[in-house]
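A short worksheet on the structure shown next.
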Amino acid sequence: MFYWTKTDSDFRFNGQFLWIPSIGREDSGTYTCFAENTYSSGNKGKANATIEIDVQYPPVVSPLPNVKHVVGDHVKITCVVTAGNPSSTTVYWTKSGNSGFGQSGSSLVFPNISRTQNGIYSCVAENNYLIGGKGIDQQSFLLDVLYGPILATGQTVRVSEGQSSRLSTSVSSNPASNVSWFKDNVLLLIQPQVNGTTSYTIARTECTDTGPFLVVASNGVQSNHSTTVSLYVYCSPRLAEGGSSVELSVGSNRYLNGHVLVLSFPQPNASLTLQNGALNTLITLRIETKADNLFTIMLIRSNAQPNVFGKYVLDVTNQYGGTKIDINIIPKSKPFPAAQIKVNCGHEDAFITWQSSYFGYEQQYSYVQYSTDNIKFVNGSDYIAEDNKQEILQITVSDLQDSSVYYFRVNTFNRYGLSSSMSTNCSTGTTQESFTSTSIIVGSILIVLLFLAVTGLVFISYKYHKVKNLSERPPREFVNAIDNQVYEQYATPNKKNCFRRCCNIRKKKKRQQHNQARR
């Protein structure tokens, strides 16, 4: 009879042959084979022999979990290995799809991980069997490297106005990004979960579409990473704010610096003509770029004179077309000084004429001032409305002293301010007191006739100017706009004051005639 036992075990197997169908590492040990027979005397004969069974097996690698890390992290993954038989074990790392990668040791280390190190890694453990061959075990895991959006350099698209346009760029990120499209800070489109190409389509382009479109991408790792895609729409010039006319103004500094904002791509050329087609020779044109499709055409003129004001035609063109813009240049300034001042002094009065500086546009008024020292001026007339271009105006200043030098100037004003002419002087006449009796008689008669004629003219002129002046008195804000050159306000004459003034003149002349008659 044969049977087998195992040291330190209750194992027993009957039979001459020890049979282990699927041997395992736990089957290693010392086995003893026993043989027995029975004598005829009834006693037993026994014999035994031992054998060592060494079951060799590979090492065991513990499972590895998937991990996530952000770009730039320090990453260390440790592989736990249970030794096999033989116990001498070699451990190393591999990467799926990258035969050139390899790290030795039980730890996989990335000091500053990058997005290219994303992938599936395996920990491999090996031992060498004494009977030849190797024992191998391995475990794999996913190293998921997270990184913010990476946007490709934006493209440039050029189309003619009216055509469709597709703007696009690519986005790479982990995890996928939400993408937004903007133009001039206005949100145009939102695309969620993009990891590839993002695009925005304009069905029919317009001139105002020219410019950069901002593409902004965000994910859980990084927010608001952006790039631009540029669109250029070829178009003919036109006023940026619409319409076909522009009004430009000149202030009291007489400096024209008018700006006309034009949409165009590419940059236009510009020329300025008068309405009759004559070429402009007074105003300088200059073009400045504000944006790819937005240009400022500047009209410049220093010391602008009346011949600068009026209507012009601004012709703006490029290779895709053109437009004509009506330009109206108007003054918004104090008036020009009166011109051609002439003064004639007589006895106790002065006759002043001047040419009005009025050339249309703002209503303006004028009045005369006089002085004996060319410093301190007082008002010598009422306000006169100037209605006609280059009109010759005249006025008489009375109650002056004979044999005196007087300085006269004409002040002209409107709602924007006051201008004074250069002063002009003259001397009043000297009173003559030696006459013959015949001369006295004849002179007296002539004086009476002259007095009656002058009185009639003065009365008619006064009535005319009173009606004209009182019906066209300047608004109060006009009068308040006169600067401190006006030292003494002149009250509007009323009928009573005028009558008293005329009477005083007549009484004075009668006294002179009486004294002459007595002599």
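Naming scheme: A, B, ... for chains in displayed order of the structure tokens; residues 1 onward per chain; ligands 1 onward as shown.
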
_Env of A:Asn344: 12 Å cut, atoms = only C-alpha atoms, seq-sep filter 6 positions within chain, self excluded. Answer as number ranges by chain._
A: 350-354, 394-397, 405-408, 424-429

Using only C-alpha atoms, what table do you get, as a Markdown table, when you list each residue of stretch 273-347 of chain A with an atom no more than 12 Å from stretch 207-231 of chain A, its nearest pair of atoms, and their distance in Å rounded to one decimal, rows by chain then rising number?
| residue | atom | partner | partner_atom | distance |
| --- | --- | --- | --- | --- |
| A:Lys290 | CA | A:Gly211 | CA | 11.7 |
| A:Ala291 | CA | A:Gly211 | CA | 8.0 |
| A:Asp292 | CA | A:Gly211 | CA | 6.6 |
| A:Asn293 | CA | A:Thr210 | CA | 6.4 |
| A:Leu294 | CA | A:Thr208 | CA | 8.9 |
| A:Tyr320 | CA | A:Cys207 | CA | 11.6 |

Prev. selection, C-alpha atoms, output as a compact mmCIF listing (two decimals), in the first residue's frame:
# COMPACT_ATOMS: atom_id res chain seq x y z
CA LYS A 290 -9.32 105.58 -36.32
CA ALA A 291 -9.87 101.88 -37.11
CA ASP A 292 -9.37 99.51 -40.03
CA ASN A 293 -12.63 100.71 -41.58
CA LEU A 294 -13.12 104.08 -39.87
CA TYR A 320 -15.13 100.00 -54.53

> Which residues in stretch 117-258 of chain A does DSSP call strand (DSSP E)? List them as a VMD selection string.
Replying inline: chain A and resid 119 to 128 134 to 151 156 to 160 165 to 174 177 to 183 186 to 194 196 to 202 211 to 218 225 to 239 245 to 250 256 to 258

Please tabulate, as a Markdown table, the residues of stretch 114-171 of chain A that come within 6 Å of stretch 90-104 of chain A, each with its closest pair of atoms and the distance in Å to one decimal, counting only C-alpha atoms and ordering rows by chain, then residue number upward.
| residue | atom | partner | partner_atom | distance |
| --- | --- | --- | --- | --- |
| A:Ile120 | CA | A:Ser96 | CA | 5.5 |
| A:Tyr121 | CA | A:Lys95 | CA | 4.4 |
| A:Ser122 | CA | A:Thr94 | CA | 5.2 |
| A:Cys123 | CA | A:Trp93 | CA | 4.7 |
| A:Val124 | CA | A:Tyr92 | CA | 5.4 |
| A:Ala125 | CA | A:Val91 | CA | 4.4 |
| A:Glu126 | CA | A:Thr90 | CA | 5.1 |

Skipping near chain neighbours, those fewer than 3 positions away, what residues fall within 8 Å of A:Gly162 using only C-alpha atoms, listed as a PDB file with C-alpha atoms, in the first residue's frame?
ATOM      1  CA  ARG A 204     -24.458  88.785 -45.292  1.00  0.00           C
ATOM      2  CA  THR A 205     -21.502  90.959 -44.342  1.00  0.00           C
ATOM      3  CA  GLU A 206     -21.663  94.731 -43.970  1.00  0.00           C
TER       4      GLU A 206
END

A:Lys334 proximity check over A:Ala385, A:Val250, A:Leu146, A:Ile51, using only C-alpha atoms: winner is A:Val250
